[in-house]
Amino acid sequence: MPKTRRIVLLLAAVWMLVGCAVPLTPVQPTVSPTQATLTALTTPVQVSKPNVDANSLQQDETVVVEVNDGIEVPQAGHGLVQVGYRLKVDVFRGSNFKLTDVRLEPGDAIFARLQQVAGHTRVALNENTNARVRLETDFASITTLEPGTEFIVCHDPTALTCIVTVKGEIEVVGQDKVVVTRAGEGTFVLKDRPPFPAICARLDEVDVWLNEMLGSGEVKALGELVKSWPQESCAALAAASAVTPAIAESSSPEPQTLPSSEGMARIEAGTYTIGSNLTNDYHIPPMETELPAFWIDVYEVTNAQYSVFLEATGHAPPLYWPGEDAHPVSGVTWDDAVAYCTWANKRLPAEAEWEVAARGPGPNPPPYPWGEEQDGPNGAAYNLPRTTTYPVGSASFNLSKFGVYDMAGNVWEWVANPYYPTTEEGMKILRGGRYGLIRDMAYRQEAEPASERFVPYAGFRCATDRVQGE
């Protein structure tokens with residue numbers, strides 16, 4: 001046998017032995033780092049090119065998508081968009097989404113720009129790759145600041161954008177205001193308004209929401225969850241919970257220390273509409289809010305009631321004192337109001353609670369306690385005293401559908417827990433107007449807690465979660 005042929009046969013035998021001893025590693029197909037694909041995890045999922053009818057995907061079908069292709073997931077579907085191995089975007093049912101740009105940047109970094117037209121998405125960056133994402137809605141621009149960032153966005157083009165940051169850090173920009181949220185925080189942006197300051201997210205509730213969204217049953221919008229969370233940072237909530245056991249126990253009053261239901265109206269738990277179609281600095285756009293059941297005083301706190309508080313506590317009297325017994329107390333600061341409600345085993349009503357009690361139930365509650373018109377039935381509102389207060393409950397028409405009196409006019413009323421952030425830290429919210437200056441029930445007046453301008457005309461009423469016998 002010729003020498004050359006023996007060498008060839010020997011090499012072939014060696015190759016066969018090596019092949020048997022060491023399994024061959026499959027060769028991964030080369031994927032462009034900027035190539036985007038769409039997979040239909042659950043149908044229906046549709047993709048469409050500009051000026052072309054939508055193409056429906058079969059379950060588990062994957063197609064390449066190009067910049068500005070439209071991705072629509074009707075109410076029962078779930079799509080997954082991937083850009084190379086660096087970026088994943090879950091597009092949930094009821095959503096409309098676009099990839100508007102994807103490109104390589106210096107340092108082999110990927111930049112992707114996304115547009116969320118409506119619905120819910122979850123964006124996740126690979127922790128071990130260099131990628132940056134900007135997601136835009138009608139109301140906000142959301143940009144990742146760290147590798148491995150994961151966040152969820154909801155968008156209703158008529159009302160709001162909400163964001164929950166699960167991992168990493170993002171920057172939210174709206175109306176020239178910047179808010180940064182980190183892992184475990186959230187925010188939301190209303191139409192024509194800047195983003196809320198970062199609030200502490202309840203990620204356990206988000207996990208439940210995700211599981212429901214991946215199912216087939218009815219699920220509410222993520223924005224309803226985000227708006228229901230306390231408008232506090234995680235640090236503030238942690239500080240509030242760092243109390244001694246004795247204080248913690250006293251924060252949940254025993255039945256004998258609960259206030260009486262006398263002189264209070266019960267507002268049932270439910271979904272209520274707050275806000276107004278008026279577009280100015282004193283109103284927010286309409287939105288729905290979920291409230292647990294609560295009780296609120298039927299009347300504003302009177303001078304007679306406040307007198308008992310002063311005698312029992314030695315608290316400093318208000319700016320104008322004494323006043324007529326049956327008239328609402330006025331001249332009180334926000335801190336004065338908090339002190340009284342605490343003494344009475346109650347609290348100030350949250351801003352949303354106050355507005356709901358004043359306007360009533362339904363998807364389009366009236367702007368005034370008595371209805372749609374500012375002047376009231378037969379012009380009765382114009383006949384109220386214009387230079388002084390009047391006895392609480394004496395204007396029979398000034399009554400809300402929940403049986404609460406005098407929420408329009410008489411005195412401004414302090415509230416707690418604003419449902420929209422104030423323009424400056426430390427500012428509080430007044431509601432309802434005062435004598436000679438009636439405001440609609442969605443009107444929000446910011447004021448310093450001891451404002452010389454507003455305190456002379458400021459009073460309040462109290463609220464509570466429970467009463468005796470519950």
# chains A, B, ... in the order shown; residues from 1 in each chain; ligands from 1
$ select_by_dssp --residues "stretch 69-241 of chain A" --states "helix (DSSP H, G or I)" --output "list in words"
Leu203, Asp204, Glu205, Val206, Asp207, Val208, Trp209, Leu210, Asn211, Glu212, Met213, Leu222, Gly223, Glu224, Leu225, Val226, Lys227, Ser228, Cys234, Ala235, Ala236, Leu237, Ala238, Ala239, Ala240 and Ser241 of chain A
$ select_by_dssp --residues "stretch 210-409 of chain A" --states "strand (DSSP E)" --output "PyMOL selection string"
chain A and resi 264-267+270-274+287-291+294-297
$ atom_distance --atom1 "atom CA of A:Gly379" --atom2 "atom CA of A:Arg359"
18.8 Å
$ atom_distance --atom1 "atom CA of A:Ile163" --atom2 "atom CA of A:Glu136"
11.6 Å
$ residues_around --residues "stretch 148-155 of chain A" --least-positions-apart "6" --cutoff "8 Å" --atoms "only C-alpha atoms" --output "list in words"
Gln116, Val117, Ala118, Gly119, His120, Thr121, Arg122, Val123, Ala124, Leu125, Asn126, Glu127, Asn128, Thr137, Thr161, Cys162, Ile163, Val164, Thr165, Val166, Lys167, Gly168, Glu169, Ile170, Ala221, Leu222 and Gly223 of chain A
$ residues_around --residues "A:Phe402" --least-positions-apart "4" --cutoff "7 Å" --atoms "only C-alpha atoms" --output "list in words"
Ala265, Ala357 and Gly360 of chain A
$ write_last_selection --atoms "C-alpha atoms" --output "CSV table (one decimal), in the first residue's frame"
chain,number,residue,atom,x,y,z
A,265,ALA,CA,-71.4,58.5,57.1
A,357,ALA,CA,-67.6,61.5,49.8
A,360,GLY,CA,-70.7,60.3,45.1
$ atom_distance --atom1 "atom CA of A:Glu355" --atom2 "atom CA of A:Met427"
18.5 Å
$ residues_around --residues "stretch 97-111 of chain A" --least-positions-apart "6" --cutoff "7 Å" --atoms "only C-alpha atoms" --output "JSON, numbers by chain"
{"A": [34, 67, 68, 69, 70, 71, 72, 117, 130, 131, 132, 133]}
$ residues_around --residues "A:Pro456" --least-positions-apart "3" --cutoff "8 Å" --atoms "only C-alpha atoms" --output "list of chain:residue names"
A:Leu319, A:Tyr320, A:Ser330, A:Gly331, A:Val332, A:Glu452, A:Arg453
